[in-house]
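Source file: start.cif (mmCIF, C-alpha atoms and all ligand atoms)
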data_final
loop_
_atom_site.label_atom_id
_atom_site.label_comp_id
_atom_site.auth_asym_id
_atom_site.auth_seq_id
_atom_site.Cartn_x
_atom_site.Cartn_y
_atom_site.Cartn_z
CA MET A 1 -14.53 -10.08 -17.84
CA GLY A 2 -11.21 -8.25 -17.86
CA ASN A 3 -8.32 -8.60 -15.54
CA GLY A 4 -7.92 -5.58 -13.43
CA VAL A 5 -8.59 -2.19 -11.95
CA PHE A 6 -5.95 0.03 -13.55
CA PHE A 7 -4.70 3.44 -12.52
CA VAL A 8 -2.36 5.90 -14.16
CA ALA A 9 0.37 6.96 -11.75
CA GLU A 10 1.53 10.54 -12.16
CA GLN A 11 5.17 11.49 -11.86
CA ARG A 12 6.98 14.74 -12.29
CA ASP A 13 10.73 15.18 -12.57
CA GLY A 14 11.33 11.57 -11.59
CA ALA A 15 9.19 11.61 -8.44
CA LEU A 16 5.73 10.14 -7.97
CA ARG A 17 3.07 12.66 -7.04
CA LYS A 18 1.12 12.09 -3.82
CA VAL A 19 -2.08 11.47 -5.76
CA SER A 20 -0.46 8.39 -7.36
CA PHE A 21 -0.50 6.65 -3.96
CA GLU A 22 -4.13 7.68 -3.43
CA LEU A 23 -4.95 6.12 -6.81
CA ALA A 24 -3.05 2.93 -5.95
CA SER A 25 -4.89 2.42 -2.65
CA THR A 26 -8.29 3.22 -4.20
CA ALA A 27 -7.63 0.79 -7.07
CA ARG A 28 -6.73 -1.81 -4.41
CA LYS A 29 -10.12 -1.39 -2.68
CA LEU A 30 -12.08 -1.60 -5.92
CA ALA A 31 -10.05 -4.58 -7.12
CA ASP A 32 -10.74 -6.42 -3.86
CA ALA A 33 -14.47 -5.76 -4.26
CA LEU A 34 -14.36 -7.21 -7.79
CA GLY A 35 -11.92 -10.04 -7.02
CA VAL A 36 -9.42 -8.82 -9.65
CA GLU A 37 -5.93 -7.29 -9.57
CA ALA A 38 -4.98 -3.66 -8.96
CA CYS A 39 -2.57 -2.56 -11.69
CA GLY A 40 -0.59 0.65 -12.06
CA ILE A 41 0.62 2.23 -15.29
CA ILE A 42 3.60 4.54 -15.15
CA CYS A 43 4.85 6.37 -18.23
CA GLY A 44 7.92 8.50 -18.75
CA SER A 45 11.63 8.33 -19.39
CA GLY A 46 13.87 6.78 -16.73
CA VAL A 47 10.89 6.00 -14.50
CA SER A 48 11.39 2.24 -13.89
CA GLY A 49 12.74 2.89 -10.41
CA LEU A 50 9.45 4.43 -9.27
CA ALA A 51 7.34 1.32 -9.83
CA ALA A 52 8.17 -0.46 -6.56
CA ASP A 53 6.66 2.35 -4.46
CA LEU A 54 3.26 1.83 -6.07
CA GLY A 55 3.26 -1.80 -4.93
CA LYS A 56 3.62 -0.62 -1.34
CA TYR A 57 0.34 1.29 -1.69
CA GLY A 58 -1.67 -1.60 -3.10
CA ALA A 59 -0.75 -2.35 -6.73
CA ASP A 60 -0.41 -6.07 -7.51
CA LYS A 61 1.29 -5.23 -10.80
CA VAL A 62 2.90 -2.14 -12.22
CA PHE A 63 3.30 -1.73 -15.99
CA VAL A 64 6.17 0.60 -16.85
CA VAL A 65 6.37 2.26 -20.26
CA ASP A 66 9.84 3.76 -20.24
CA ASN A 67 10.43 5.63 -23.48
CA ALA A 68 12.27 8.87 -24.31
CA ALA A 69 9.24 9.93 -26.39
CA LEU A 70 7.21 10.20 -23.15
CA GLU A 71 9.29 13.03 -21.69
CA PRO A 72 8.32 15.86 -21.59
CA TYR A 73 4.64 15.00 -21.26
CA THR A 74 2.49 15.24 -24.37
CA THR A 75 -1.15 14.20 -24.59
CA SER A 76 -0.60 12.16 -27.73
CA ALA A 77 2.37 10.10 -26.52
CA HIS A 78 0.88 9.35 -23.09
CA THR A 79 -2.51 8.47 -24.60
CA GLN A 80 -0.86 5.90 -26.86
CA ALA A 81 1.08 4.37 -23.97
CA VAL A 82 -1.79 4.19 -21.48
CA ALA A 83 -4.42 3.05 -24.01
CA THR A 84 -2.15 0.25 -25.26
CA VAL A 85 -1.43 -1.08 -21.76
CA ALA A 86 -5.06 -0.80 -20.65
CA LYS A 87 -6.42 -2.54 -23.77
CA ASP A 88 -3.79 -5.28 -23.97
CA ASN A 89 -4.19 -6.21 -20.32
CA GLY A 90 -7.96 -6.13 -19.97
CA ALA A 91 -8.61 -3.08 -17.80
CA VAL A 92 -12.20 -3.08 -16.55
CA ILE A 93 -11.75 0.17 -14.64
CA LEU A 94 -9.22 2.92 -15.39
CA LEU A 95 -8.56 5.60 -12.77
CA LEU A 96 -6.63 8.84 -13.24
CA ALA A 97 -5.98 11.89 -11.08
CA ALA A 98 -8.25 14.89 -11.56
CA SER A 99 -5.07 16.98 -11.77
CA ALA A 100 -4.15 19.29 -14.65
CA GLN A 101 -2.29 16.46 -16.38
CA GLY A 102 -4.94 13.85 -15.55
CA LYS A 103 -7.71 16.07 -16.93
CA ASP A 104 -5.77 16.58 -20.15
CA LEU A 105 -4.93 12.91 -20.58
CA SER A 106 -8.32 11.49 -19.62
CA ALA A 107 -10.19 13.50 -22.25
CA ARG A 108 -8.07 12.02 -25.05
CA LEU A 109 -8.12 8.53 -23.52
CA VAL A 110 -11.91 8.47 -23.38
CA GLY A 111 -11.94 9.05 -27.14
CA LYS A 112 -9.19 6.55 -27.88
CA LEU A 113 -10.80 3.81 -25.76
CA ALA A 114 -14.32 4.75 -26.93
CA THR A 115 -15.71 4.72 -23.41
CA GLY A 116 -17.13 7.19 -20.89
CA MET A 117 -15.73 8.87 -17.80
CA ALA A 118 -16.83 10.39 -14.50
CA SER A 119 -14.56 13.34 -13.71
CA ASP A 120 -13.38 14.85 -10.43
CA CYS A 121 -14.90 12.08 -8.29
CA THR A 122 -15.03 12.36 -4.52
CA GLU A 123 -16.18 8.77 -3.86
CA VAL A 124 -16.04 5.50 -5.78
CA ARG A 125 -17.47 2.09 -4.96
CA ILE A 126 -18.46 -1.17 -6.60
CA ASP A 127 -22.12 -2.09 -6.86
CA GLY A 128 -23.37 -5.06 -8.86
CA GLY A 129 -19.93 -5.53 -10.41
CA LYS A 130 -19.89 -1.93 -11.74
CA LEU A 131 -18.04 1.19 -10.69
CA VAL A 132 -20.32 3.77 -9.09
CA ALA A 133 -18.67 7.19 -8.94
CA THR A 134 -19.82 10.24 -6.97
CA ARG A 135 -19.00 13.56 -8.63
CA PRO A 136 -19.94 17.22 -8.19
CA MET A 137 -22.48 18.82 -10.51
CA TYR A 138 -23.49 22.45 -11.06
CA SER A 139 -20.24 23.77 -9.55
CA GLY A 140 -20.58 21.58 -6.48
CA LYS A 141 -24.18 22.59 -5.67
CA CYS A 142 -25.05 18.90 -5.67
CA PHE A 143 -23.37 15.52 -6.09
CA GLY A 144 -24.51 12.80 -8.46
CA GLU A 145 -23.77 9.08 -8.68
CA VAL A 146 -22.60 8.02 -12.12
CA VAL A 147 -22.25 4.57 -13.70
CA ILE A 148 -20.28 4.50 -16.94
CA ALA A 149 -21.81 2.18 -19.51
CA GLY A 150 -18.64 1.65 -21.62
CA SER A 151 -15.53 -0.35 -20.82
CA PRO A 152 -13.16 0.32 -19.25
CA GLN A 153 -15.19 2.39 -16.85
CA MET A 154 -13.06 5.52 -16.41
CA ALA A 155 -12.99 7.95 -13.49
CA SER A 156 -10.69 10.74 -12.40
CA LEU A 157 -10.25 11.14 -8.64
CA ARG A 158 -9.97 14.49 -6.89
CA PRO A 159 -6.49 14.74 -5.29
CA ASN A 160 -6.30 14.73 -1.47
CA VAL A 161 -9.78 13.20 -1.02
CA PHE A 162 -8.89 9.49 -1.16
CA THR A 163 -6.64 7.93 1.47
CA ALA A 164 -3.30 6.39 0.57
CA VAL A 165 -2.74 3.27 2.66
CA GLU A 166 0.70 1.70 2.86
CA SER A 167 0.42 -2.10 2.78
CA GLY A 168 4.12 -2.88 2.74
CA LYS A 169 3.69 -5.40 -0.09
CA ALA A 170 5.71 -5.34 -3.30
CA GLY A 171 3.94 -5.38 -6.65
CA ALA A 172 5.29 -7.22 -9.71
CA VAL A 173 6.90 -4.84 -12.19
CA THR A 174 6.50 -5.45 -15.93
CA SER A 175 8.24 -3.38 -18.62
CA VAL A 176 6.13 -2.78 -21.69
CA ASN A 177 7.37 -1.61 -25.08
CA VAL A 178 4.92 0.65 -26.84
CA ALA A 179 5.79 2.09 -30.26
CA ILE A 180 4.97 5.77 -29.83
CA GLU A 181 3.96 7.48 -33.08
CA PRO A 182 5.17 11.10 -33.26
CA GLY A 183 2.31 13.47 -32.38
CA LYS A 184 1.34 16.77 -33.98
CA VAL A 185 2.50 18.76 -30.95
CA LYS A 186 6.12 19.33 -30.02
CA VAL A 187 6.99 20.79 -26.60
CA LEU A 188 9.56 23.55 -27.16
CA GLU A 189 9.98 24.78 -23.61
CA VAL A 190 8.69 23.96 -20.13
CA VAL A 191 8.41 27.00 -17.87
CA LYS A 192 8.47 25.86 -14.25
CA GLU A 193 7.19 27.47 -11.07
CA ALA A 194 9.81 28.79 -8.66
CA SER A 195 11.20 25.73 -6.90
CA GLY A 196 10.23 24.98 -3.33
CA LYS A 197 6.68 26.30 -3.72
CA VAL A 198 4.00 23.86 -2.57
CA ASP A 199 1.28 23.42 -5.19
CA VAL A 200 -2.17 24.18 -3.78
CA THR A 201 -3.53 20.85 -5.06
CA GLU A 202 -1.00 18.94 -2.94
CA ALA A 203 -1.01 21.09 0.20
CA ASN A 204 -2.53 19.87 3.46
CA VAL A 205 -3.07 23.43 4.60
CA ILE A 206 -4.07 26.33 2.34
CA VAL A 207 -4.32 29.94 3.43
CA SER A 208 -6.23 31.77 0.71
CA GLY A 209 -6.80 35.45 0.13
CA GLY A 210 -9.33 37.39 -1.88
CA ARG A 211 -10.17 40.99 -2.74
CA GLY A 212 -10.13 41.76 0.97
CA MET A 213 -6.30 41.52 0.91
CA LYS A 214 -6.36 45.03 -0.66
CA ASP A 215 -3.22 44.55 -2.79
CA ALA A 216 -0.38 42.13 -3.60
CA ALA A 217 1.61 43.26 -0.55
CA GLY A 218 -1.34 42.35 1.69
CA PHE A 219 -0.62 38.68 0.99
CA ALA A 220 2.55 38.88 3.11
CA VAL A 221 0.46 38.13 6.23
CA LEU A 222 -0.94 34.99 4.56
CA GLU A 223 2.54 33.89 3.41
CA GLU A 224 3.68 34.09 7.02
CA LEU A 225 0.78 32.05 8.39
CA ALA A 226 1.15 29.47 5.60
CA GLY A 227 4.87 29.26 6.35
CA VAL A 228 4.24 28.49 10.03
CA LEU A 229 1.63 25.83 9.13
CA GLY A 230 3.73 24.32 6.33
CA GLY A 231 1.01 25.16 3.82
CA ALA A 232 0.49 26.94 0.52
CA VAL A 233 -1.11 30.27 -0.31
CA GLY A 234 -4.16 30.24 -2.56
CA ALA A 235 -6.26 33.03 -4.03
CA SER A 236 -9.72 33.88 -5.29
CA ARG A 237 -10.16 34.86 -8.89
CA ALA A 238 -10.65 38.48 -7.86
CA ALA A 239 -7.12 38.49 -6.38
CA VAL A 240 -5.69 36.78 -9.47
CA ASP A 241 -7.51 39.08 -11.90
CA ALA A 242 -6.14 42.06 -9.97
CA GLY A 243 -2.64 40.72 -10.67
CA TRP A 244 -1.87 40.15 -6.97
CA ARG A 245 -1.26 36.40 -7.34
CA ALA A 246 -0.29 33.97 -10.09
CA GLN A 247 -3.07 32.14 -11.93
CA SER A 248 -1.59 28.86 -10.65
CA ASP A 249 -2.72 29.90 -7.14
CA GLN A 250 -6.36 30.38 -8.13
CA VAL A 251 -8.88 28.14 -6.39
CA GLY A 252 -12.30 27.59 -7.88
CA GLN A 253 -14.33 26.65 -10.90
CA THR A 254 -11.87 28.18 -13.35
CA GLY A 255 -8.88 27.60 -11.08
CA LYS A 256 -7.79 24.55 -9.14
CA VAL A 257 -9.94 22.17 -7.13
CA VAL A 258 -8.35 21.59 -3.74
CA SER A 259 -9.14 19.32 -0.76
CA PRO A 260 -6.71 20.18 2.04
CA ASN A 261 -7.24 19.21 5.66
CA LEU A 262 -7.47 22.91 6.51
CA TYR A 263 -8.57 25.78 4.25
CA ILE A 264 -8.37 29.28 5.73
CA ALA A 265 -10.27 31.78 3.56
CA CYS A 266 -9.32 35.40 4.29
CA GLY A 267 -11.16 38.32 2.72
CA ILE A 268 -13.05 35.96 0.40
CA SER A 269 -16.82 36.37 0.14
CA GLY A 270 -17.56 32.74 -0.85
CA ALA A 271 -18.99 33.05 -4.35
CA ILE A 272 -20.30 29.75 -5.76
CA GLN A 273 -17.41 29.63 -8.26
CA HIS A 274 -14.90 29.84 -5.40
CA LEU A 275 -16.75 27.26 -3.29
CA ALA A 276 -16.65 24.86 -6.28
CA GLY A 277 -12.90 24.64 -5.80
CA MET A 278 -12.59 24.26 -2.02
CA SER A 279 -15.82 22.99 -0.47
CA SER A 280 -14.46 19.43 -0.12
CA SER A 281 -11.74 20.72 2.26
CA LYS A 282 -11.93 18.84 5.57
CA TYR A 283 -12.02 21.96 7.77
CA ILE A 284 -12.84 25.44 6.52
CA VAL A 285 -12.04 28.56 8.52
CA ALA A 286 -13.29 31.93 7.25
CA VAL A 287 -12.03 35.35 8.26
CA ASN A 288 -14.24 38.14 6.97
CA LYS A 289 -15.39 41.46 8.37
CA ASP A 290 -18.86 40.97 6.89
CA ALA A 291 -20.90 38.61 9.10
CA GLU A 292 -23.31 38.06 6.18
CA ALA A 293 -20.60 36.81 3.77
CA PRO A 294 -21.75 33.51 2.15
CA ILE A 295 -18.43 31.82 3.03
CA PHE A 296 -19.64 31.54 6.64
CA ALA A 297 -22.43 29.17 5.53
CA ARG A 298 -19.74 26.66 4.45
CA ALA A 299 -17.18 27.36 7.18
CA ASP A 300 -16.64 25.09 10.17
CA TYR A 301 -15.17 28.05 12.07
CA GLY A 302 -15.76 31.71 11.33
CA ILE A 303 -14.10 34.88 12.60
CA VAL A 304 -15.92 38.15 11.90
CA ASP A 305 -13.25 40.84 12.01
CA ASP A 306 -10.57 42.63 10.03
CA LEU A 307 -8.21 40.00 8.62
CA PHE A 308 -5.22 42.29 9.10
CA LYS A 309 -5.86 42.06 12.86
CA VAL A 310 -6.88 38.39 12.94
CA VAL A 311 -4.26 36.75 10.72
CA PRO A 312 -1.15 38.10 12.53
CA ALA A 313 -2.74 37.05 15.85
CA LEU A 314 -3.41 33.56 14.44
CA THR A 315 0.17 33.37 13.18
CA ALA A 316 1.53 34.32 16.59
CA GLU A 317 -0.60 31.65 18.32
CA CYS A 318 0.32 29.00 15.74
CA LYS A 319 4.02 29.83 16.18
CA LYS A 320 3.65 29.11 19.91
CA LEU A 321 1.90 25.79 19.20
CA VAL A 322 4.36 24.70 16.54
CA GLY A 323 7.21 25.77 18.79
C1 LIG B 401 -17.48 31.68 -15.08
C2 LIG B 401 -16.89 32.19 -13.80
C3 LIG B 401 -15.86 31.47 -13.24
C4 LIG B 401 -15.28 31.91 -12.04
N1 LIG B 401 -14.27 31.18 -11.48
C5 LIG B 401 -13.80 31.54 -10.26
C6 LIG B 401 -12.80 30.78 -9.61
O1 LIG B 401 -12.27 29.79 -10.14
N2 LIG B 401 -12.39 31.17 -8.39
C7 LIG B 401 -12.90 32.28 -7.75
O2 LIG B 401 -12.48 32.56 -6.64
N3 LIG B 401 -13.84 33.02 -8.36
C8 LIG B 401 -14.27 32.70 -9.60
N4 LIG B 401 -15.20 33.50 -10.21
C9 LIG B 401 -15.51 34.82 -9.60
C10 LIG B 401 -16.51 34.77 -8.48
O3 LIG B 401 -17.82 34.88 -9.00
C11 LIG B 401 -16.26 35.95 -7.51
O4 LIG B 401 -16.35 37.15 -8.23
C12 LIG B 401 -14.94 35.90 -6.79
O5 LIG B 401 -14.74 34.63 -6.21
C13 LIG B 401 -14.90 36.97 -5.72
O6 LIG B 401 -13.63 36.98 -5.10
P1 LIG B 401 -13.47 37.50 -3.62
O7 LIG B 401 -14.30 36.68 -2.70
O8 LIG B 401 -12.03 37.58 -3.37
O9 LIG B 401 -14.00 39.00 -3.71
P2 LIG B 401 -15.31 39.67 -3.13
O10 LIG B 401 -16.52 38.92 -3.52
O11 LIG B 401 -15.24 41.10 -3.51
O12 LIG B 401 -15.16 39.50 -1.57
C14 LIG B 401 -14.19 40.16 -0.81
C15 LIG B 401 -14.53 39.87 0.64
O13 LIG B 401 -13.49 40.40 1.46
C16 LIG B 401 -14.08 40.90 2.65
N5 LIG B 401 -13.13 41.87 3.21
C17 LIG B 401 -12.73 43.05 2.68
N6 LIG B 401 -11.80 43.63 3.47
C18 LIG B 401 -11.63 42.80 4.55
C19 LIG B 401 -10.81 42.84 5.69
N7 LIG B 401 -9.94 43.84 5.91
N8 LIG B 401 -10.90 41.84 6.59
C20 LIG B 401 -11.77 40.80 6.40
N9 LIG B 401 -12.57 40.71 5.30
C21 LIG B 401 -12.48 41.69 4.39
C22 LIG B 401 -15.39 41.49 2.21
O14 LIG B 401 -16.32 41.54 3.29
C23 LIG B 401 -15.82 40.50 1.11
O15 LIG B 401 -16.65 39.47 1.65
C24 LIG B 401 -15.78 33.08 -11.41
C25 LIG B 401 -16.81 33.79 -12.00
C26 LIG B 401 -17.38 33.34 -13.17
C27 LIG B 401 -18.51 34.12 -13.78
#
Any chance you could put this one into structure tokens?
Ligand SMILES: Cc1cc2nc3c(=O)[nH]c(=O)nc-3n(C[C@H](O)[C@H](O)[C@H](O)COP(=O)(O)OP(=O)(O)OC[C@H]3O[C@@H](n4cnc5c(N)ncnc54)[C@H](O)[C@@H]3O)c2cc1C
Amino acid sequence: MGNGVFFVAEQRDGALRKVSFELASTARKLADALGVEACGIICGSGVSGLAADLGKYGADKVFVVDNAALEPYTTSAHTQAVATVAKDNGAVILLLAASAQGKDLSARLVGKLATGMASDCTEVRIDGGKLVATRPMYSGKCFGEVVIAGSPQMASLRPNVFTAVESGKAGAVTSVNVAIEPGKVKVLEVVKEASGKVDVTEANVIVSGGRGMKDAAGFAVLEELAGVLGGAVGASRAAVDAGWRAQSDQVGQTGKVVSPNLYIACGISGAIQHLAGMSSSKYIVAVNKDAEAPIFARADYGIVDDLFKVVPALTAECKKLVG
């Protein structure tokens, strides 16, 4: 029997990402069910100061691997750091975020630790001393329960689905030295998104547009509504392929998987590949002039009308509510 439920905290530019707190609180729950400790792993350069915050969300211990070789992120360096900490400290479960970075890292870690993983999980629980993970299959058409036979049992958790609970406690922080072997990949340049833009995977509200937006300029009405609601603008693949939005805005099977509290789909038909990326949103509102559009089958609220009439009216009403 190992010693803990471990999770890999994600940080960017010296700040913990929201999903790291969701991982900490979920690890806490699982650790309580097993009667073991919840342990965080944080890797990077100059990241020691971030460890205390993870304790507040449920980590009993936080292992910090602070090494210049870990910044900027590379799969090889982070795999070495996380695998070493997990192995040396007896991780029985290892959780990561199902984010772009988490997906990249988990694939290599599974190989390095010679175990198995359930990806993009929407629920996790302990049954008979084992992790049981619920994950989407066939682009979200159904959900399956998975038990990983290897150890540690690995799972990546879909951001925004699990609740971060502040406990107010402080976890013990341990610095770990890991000798990082140089990898075969060298990062030459990191091209960042324009600052201030909320990433769709972290937004609580997403206003998304599809082919029904007509052109790139059509998205101005969605930008305005998203601005009033403090949300982000997403897009269907049709809108991205047309060059109206950046690929980083794409929601769906080949885009990002999002779980906001509110997803407003405008001029999006609701193809299965789009639904795969947003059907776990808490509330879905669809605006479409075609009453037969498949999106209405998944929507909690539907408006059948021209979005260029509906969205400005919604924005005006929301402005009144928000004040
Ligand atoms: C392997 C694969 C992966 C894919 N991955 C993704 C993915 O990640 N994400 C994704 O989104 N798609 C993905 N697709 C594409 C997907 O199959 C659909 O083609 C795409 O989602 C359609 O985008 P859309 O809903 O914007 O366009 P359409 O299906 O053309 O729908 C446009 C909708 O806008 C409505 N509309 C038009 N004008 C107005 C108006 N003025 N007011 C209100 N409504 C209006 C129409 O009634 C229609 O329902 C993938 C496809 C494949 C094969």
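Counting only C-alpha atoms, the residue from A:Ser236, A:Thr174, A:Asn89, A:Thr122 that sits nearest to A:Val161 is A:Thr122.
Closest approach to A:Val92 among A:Val47, A:Cys142, A:Ala155, A:Val65: A:Ala155, based on all atoms listed in the file.
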Next on the checklist: What's around A:Asn288 at 8 Å? Count all atoms listed in the file, leave out sequence neighbours fewer than 3 positions away in its own chain, and write the answer as a VMD selection string.
Outcome noted: chain A and resid 266 to 269 291 293 302 to 307
Checklist outcome for this item: Min atom-atom distance to A:Arg237 from the set A:Ala33, A:Ile206, A:Ile272, A:Ala15, counting all atoms listed in the file, belongs to A:Ile272
Next on the checklist: Could you tell me how far atom CA of A:Ala118 sits from atom CA of A:Val146, in Å to one decimal place?
Outcome noted: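 So the two atoms, atom CA of A:Val146 and atom CA of A:Ala118, lie 6.7 Å apart.
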List every residue of chain A that has an atom at most 9 Å from any atom of ligand LIG 401 (chain B), giving for each one its closest atom pair and the distance in Å to one decimal, counting all atoms listed in the file, sorted by chain and then by ascending residue number, as JSON lines.
{"residue": "A:Gly209", "atom": "CA", "partner": "B:LIG401", "partner_atom": "O8", "distance": 6.6}
{"residue": "A:Gly210", "atom": "CA", "partner": "B:LIG401", "partner_atom": "O8", "distance": 3.1}
{"residue": "A:Arg211", "atom": "CA", "partner": "B:LIG401", "partner_atom": "O8", "distance": 3.9}
{"residue": "A:Gly212", "atom": "CA", "partner": "B:LIG401", "partner_atom": "C17", "distance": 3.4}
{"residue": "A:Met213", "atom": "CA", "partner": "B:LIG401", "partner_atom": "N6", "distance": 6.4}
{"residue": "A:Lys214", "atom": "CA", "partner": "B:LIG401", "partner_atom": "N6", "distance": 7.0}
{"residue": "A:Ala235", "atom": "CA", "partner": "B:LIG401", "partner_atom": "O2", "distance": 6.8}
{"residue": "A:Ser236", "atom": "CA", "partner": "B:LIG401", "partner_atom": "O2", "distance": 3.3}
{"residue": "A:Arg237", "atom": "CA", "partner": "B:LIG401", "partner_atom": "C7", "distance": 3.9}
{"residue": "A:Ala238", "atom": "CA", "partner": "B:LIG401", "partner_atom": "O6", "distance": 4.3}
{"residue": "A:Ala239", "atom": "CA", "partner": "B:LIG401", "partner_atom": "O8", "distance": 5.8}
{"residue": "A:Val240", "atom": "CA", "partner": "B:LIG401", "partner_atom": "O2", "distance": 8.5}
{"residue": "A:Gln250", "atom": "CA", "partner": "B:LIG401", "partner_atom": "N2", "distance": 6.1}
{"residue": "A:Val251", "atom": "CA", "partner": "B:LIG401", "partner_atom": "N2", "distance": 5.0}
{"residue": "A:Gly252", "atom": "CA", "partner": "B:LIG401", "partner_atom": "O1", "distance": 3.2}
{"residue": "A:Gln253", "atom": "CA", "partner": "B:LIG401", "partner_atom": "O1", "distance": 3.8}
{"residue": "A:Thr254", "atom": "CA", "partner": "B:LIG401", "partner_atom": "O1", "distance": 3.6}
{"residue": "A:Gly255", "atom": "CA", "partner": "B:LIG401", "partner_atom": "O1", "distance": 4.1}
{"residue": "A:Lys256", "atom": "CA", "partner": "B:LIG401", "partner_atom": "O1", "distance": 7.0}
{"residue": "A:Val257", "atom": "CA", "partner": "B:LIG401", "partner_atom": "O1", "distance": 8.5}
{"residue": "A:Ala265", "atom": "CA", "partner": "B:LIG401", "partner_atom": "O7", "distance": 8.9}
{"residue": "A:Cys266", "atom": "CA", "partner": "B:LIG401", "partner_atom": "C20", "distance": 6.3}
{"residue": "A:Gly267", "atom": "CA", "partner": "B:LIG401", "partner_atom": "O13", "distance": 3.4}
{"residue": "A:Ile268", "atom": "CA", "partner": "B:LIG401", "partner_atom": "O7", "distance": 3.4}
{"residue": "A:Ser269", "atom": "CA", "partner": "B:LIG401", "partner_atom": "O15", "distance": 3.5}
{"residue": "A:Gly270", "atom": "CA", "partner": "B:LIG401", "partner_atom": "O7", "distance": 5.4}
{"residue": "A:Ala271", "atom": "CA", "partner": "B:LIG401", "partner_atom": "O5", "distance": 4.9}
{"residue": "A:Ile272", "atom": "CA", "partner": "B:LIG401", "partner_atom": "O3", "distance": 6.6}
{"residue": "A:Gln273", "atom": "CA", "partner": "B:LIG401", "partner_atom": "C5", "distance": 4.5}
{"residue": "A:His274", "atom": "CA", "partner": "B:LIG401", "partner_atom": "O2", "distance": 3.8}
{"residue": "A:Leu275", "atom": "CA", "partner": "B:LIG401", "partner_atom": "O2", "distance": 7.6}
{"residue": "A:Ala276", "atom": "CA", "partner": "B:LIG401", "partner_atom": "O1", "distance": 7.6}
{"residue": "A:Gly277", "atom": "CA", "partner": "B:LIG401", "partner_atom": "O1", "distance": 6.8}
{"residue": "A:Val287", "atom": "CA", "partner": "B:LIG401", "partner_atom": "C20", "distance": 5.8}
{"residue": "A:Asn288", "atom": "CA", "partner": "B:LIG401", "partner_atom": "N9", "distance": 3.5}
{"residue": "A:Lys289", "atom": "CA", "partner": "B:LIG401", "partner_atom": "C20", "distance": 4.2}
{"residue": "A:Asp290", "atom": "CA", "partner": "B:LIG401", "partner_atom": "O14", "distance": 4.4}
{"residue": "A:Ala291", "atom": "CA", "partner": "B:LIG401", "partner_atom": "O14", "distance": 8.0}
{"residue": "A:Glu292", "atom": "CA", "partner": "B:LIG401", "partner_atom": "O15", "distance": 8.2}
{"residue": "A:Ala293", "atom": "CA", "partner": "B:LIG401", "partner_atom": "O15", "distance": 5.2}
{"residue": "A:Pro294", "atom": "CA", "partner": "B:LIG401", "partner_atom": "O15", "distance": 7.9}
{"residue": "A:Ile295", "atom": "CA", "partner": "B:LIG401", "partner_atom": "O15", "distance": 8.0}
{"residue": "A:Ile303", "atom": "CA", "partner": "B:LIG401", "partner_atom": "C20", "distance": 8.9}
{"residue": "A:Val304", "atom": "CA", "partner": "B:LIG401", "partner_atom": "C20", "distance": 7.4}
{"residue": "A:Asp305", "atom": "CA", "partner": "B:LIG401", "partner_atom": "C20", "distance": 5.8}
{"residue": "A:Asp306", "atom": "CA", "partner": "B:LIG401", "partner_atom": "N8", "distance": 3.5}
{"residue": "A:Leu307", "atom": "CA", "partner": "B:LIG401", "partner_atom": "N8", "distance": 3.8}
{"residue": "A:Phe308", "atom": "CA", "partner": "B:LIG401", "partner_atom": "N7", "distance": 5.9}
{"residue": "A:Lys309", "atom": "CA", "partner": "B:LIG401", "partner_atom": "N8", "distance": 8.0}
{"residue": "A:Val310", "atom": "CA", "partner": "B:LIG401", "partner_atom": "N8", "distance": 8.3}
Item to check | Residue list as a list of chain:residue names for point (0.4, 9.3, -12.7), cut-off 7 Å, all atoms listed in the file | outcome: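 Residues found, by chain and rising number: A:Val8, A:Ala9, A:Glu10, A:Gln11, A:Ser20, A:Ile42.
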Next on the checklist: Just checking: using only C-alpha atoms, which residue out of A:Ala24, A:Phe143, A:Arg12, A:Ser175 ends up closest to A:Ser48?
Outcome noted: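 Of all the options, A:Ser175 lies closest to A:Ser48.
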Next on the checklist: Report, in Å to a single decimal, how far apart atom CA of A:Leu157 and atom CA of A:Glu123 are.
Outcome noted: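 Computed distance, atom CA of A:Glu123 to atom CA of A:Leu157, equals 8.0 Å.
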Checklist outcome for this item: One decimal place gives the atom CA of A:Leu95-atom CA of A:Val19 separation as 11.2 Å
Next on the checklist: List as a PyMOL selection string the protein and nucleic acid residues near A:Ser156, meaning an atom at most 7 Å away when all atoms listed in the file are counted, but skip any in the same chain fewer than 4 places from it.
Outcome noted: chain A and resi 95-98+118-121
Next on the checklist: Counting only C-alpha atoms, which residues have an atom no more than 6 Å from (-3.8, 1.4, -13.9) in the file's coordinates? Please list them as a list in words.
Outcome noted: Phe6, Phe7, Val8, Cys39, Gly40, Ile41 and Leu94 of chain A
Checklist entry - Quick one: residues within 12 Å of A:Lys18, only C-alpha atoms counted, chain neighbours fewer than 3 positions away excluded, as a VMD selection string? => result chain A and resid 9 to 12 15 21 to 25 53 to 54 57 97 99 158 to 165 199 201 to 204
